[in-house]
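> My questions all concern the structure below.
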Amino acid sequence: QVQLVESGGGSVQAGGSLRLSCAASGRYSFSSYCMGWFRQAPGKEREEVANIYIGDGSTNYADSVKGRFTISQDNAENTLYLQMNSLKPEDSAMYYCGAGRTTYGGMCRVMGAYNYWGQGTQVTVSS
């Protein structure tokens, strides 16, 4: 079982920055896990933001956040981060951290591969 706890959300003006954190705990070996950030705005489906395959450090980003967001991990602290720069109003959403065990990093782009989720942290960007 894996527990995920997000933090770092808040309200910022357009152009600002935030860093989200996801603390992971439980009995696991994260070396064979995908970990990722997803977001869901009111009335919309949950969508991919960024993910990382812990096994080799490979990352993927949604086109809408490429060049602005950076996903990273601190293995010693079992923490996943999402640095968000140049925020736009359309980035406003509830952001969720997810984790899923897989031996194939290509699965990290498949939401169904994630079977552990945090409670979410709200990000609001005003224009």
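In the structure tokens, chains take letters A, B, ... by order of appearance, with residues numbered from 1 within each chain and ligands from 1 in the order shown.
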Which polymer residues have any atom within 9 Å of an atom of Ser11 (chain A), counting only C-alpha atoms, with same-chain residues fewer than 2 positions away left out, as a PyMOL selection string?
chain A and resi 9+13+18+92+122-126
> Could those residues be written to a file, using N, CA, C and O atoms, as a PDB file, in the first residue's frame?

ATOM      1  N   GLY A   9       0.002  23.825  -3.215  1.00  0.00           N
ATOM      2  CA  GLY A   9      -0.923  24.582  -4.040  1.00  0.00           C
ATOM      3  C   GLY A   9      -1.206  25.951  -3.453  1.00  0.00           C
ATOM      4  O   GLY A   9      -0.814  26.264  -2.332  1.00  0.00           O
ATOM      5  N   GLN A  13      -0.836  35.021  -9.311  1.00  0.00           N
ATOM      6  CA  GLN A  13      -1.195  35.763 -10.515  1.00  0.00           C
ATOM      7  C   GLN A  13      -0.529  35.123 -11.724  1.00  0.00           C
ATOM      8  O   GLN A  13       0.486  34.427 -11.610  1.00  0.00           O
ATOM      9  N   LEU A  18       4.746  28.246  -8.737  1.00  0.00           N
ATOM     10  CA  LEU A  18       4.432  27.427  -7.567  1.00  0.00           C
ATOM     11  C   LEU A  18       5.228  26.130  -7.676  1.00  0.00           C
ATOM     12  O   LEU A  18       5.531  25.679  -8.786  1.00  0.00           O
ATOM     13  N   SER A  92      -5.279  26.620 -13.832  1.00  0.00           N
ATOM     14  CA  SER A  92      -6.068  26.491 -12.607  1.00  0.00           C
ATOM     15  C   SER A  92      -6.794  25.150 -12.591  1.00  0.00           C
ATOM     16  O   SER A  92      -7.493  24.797 -13.547  1.00  0.00           O
ATOM     17  N   GLN A 122      -5.127  22.397  -4.589  1.00  0.00           N
ATOM     18  CA  GLN A 122      -5.740  23.352  -5.515  1.00  0.00           C
ATOM     19  C   GLN A 122      -4.735  24.399  -5.980  1.00  0.00           C
ATOM     20  O   GLN A 122      -4.002  24.981  -5.171  1.00  0.00           O
ATOM     21  N   VAL A 123      -4.735  24.634  -7.275  1.00  0.00           N
ATOM     22  CA  VAL A 123      -3.940  25.708  -7.874  1.00  0.00           C
ATOM     23  C   VAL A 123      -4.893  26.660  -8.577  1.00  0.00           C
ATOM     24  O   VAL A 123      -5.687  26.235  -9.410  1.00  0.00           O
ATOM     25  N   THR A 124      -4.816  27.935  -8.239  1.00  0.00           N
ATOM     26  CA  THR A 124      -5.659  28.953  -8.854  1.00  0.00           C
ATOM     27  C   THR A 124      -4.769  30.065  -9.379  1.00  0.00           C
ATOM     28  O   THR A 124      -3.974  30.636  -8.632  1.00  0.00           O
ATOM     29  N   VAL A 125      -4.901  30.342 -10.673  1.00  0.00           N
ATOM     30  CA  VAL A 125      -4.088  31.374 -11.319  1.00  0.00           C
ATOM     31  C   VAL A 125      -5.021  32.461 -11.815  1.00  0.00           C
ATOM     32  O   VAL A 125      -5.913  32.210 -12.627  1.00  0.00           O
ATOM     33  N   SER A 126      -4.823  33.672 -11.348  1.00  0.00           N
ATOM     34  CA  SER A 126      -5.673  34.785 -11.740  1.00  0.00           C
ATOM     35  C   SER A 126      -4.985  35.629 -12.814  1.00  0.00           C
ATOM     36  O   SER A 126      -3.761  35.752 -12.846  1.00  0.00           O
TER      37      SER A 126
END
> As a PyMOL selection string, please: every residue in chain A that DSSP puts in strand (DSSP E or B).
chain A and resi 2-7+10-13+18-26+33-40+47-53+58-61+69-74+79-84+93-101+116-117+121-126
> I want to know what sits within 12 Å of Gly16 (chain A), based on only C-alpha atoms, with residues of the same chain fewer than 5 positions away left out; could you give that as JSON, numbers by chain?
{"A": [10, 11, 68, 69, 83, 84, 85, 86, 87, 88, 89, 91, 123, 124, 125, 126, 127]}
> Could you check which of A:Leu4, A:Ala93, A:Val12, A:Leu82 is closest to Tyr114 (chain A), using only C-alpha atoms?
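Of A:Leu4, A:Ala93, A:Val12, A:Leu82, the one nearest Tyr114 (chain A), counting only C-alpha atoms, is A:Leu4.
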> Using only C-alpha atoms, can you tell me which of A:Tyr95, A:Ser58, A:Gln119, A:Ala113 comes closest to Arg46 (chain A)?
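Using only C-alpha atoms, Arg46 (chain A) sits closest to A:Tyr95.
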> For Asn75 (chain A), which residue among A:Ala24, A:Ala14, A:Val2, A:Cys108 is the nearest when counting only C-alpha atoms?
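Of A:Ala24, A:Ala14, A:Val2, A:Cys108, the one nearest Asn75 (chain A), counting only C-alpha atoms, is A:Ala24.
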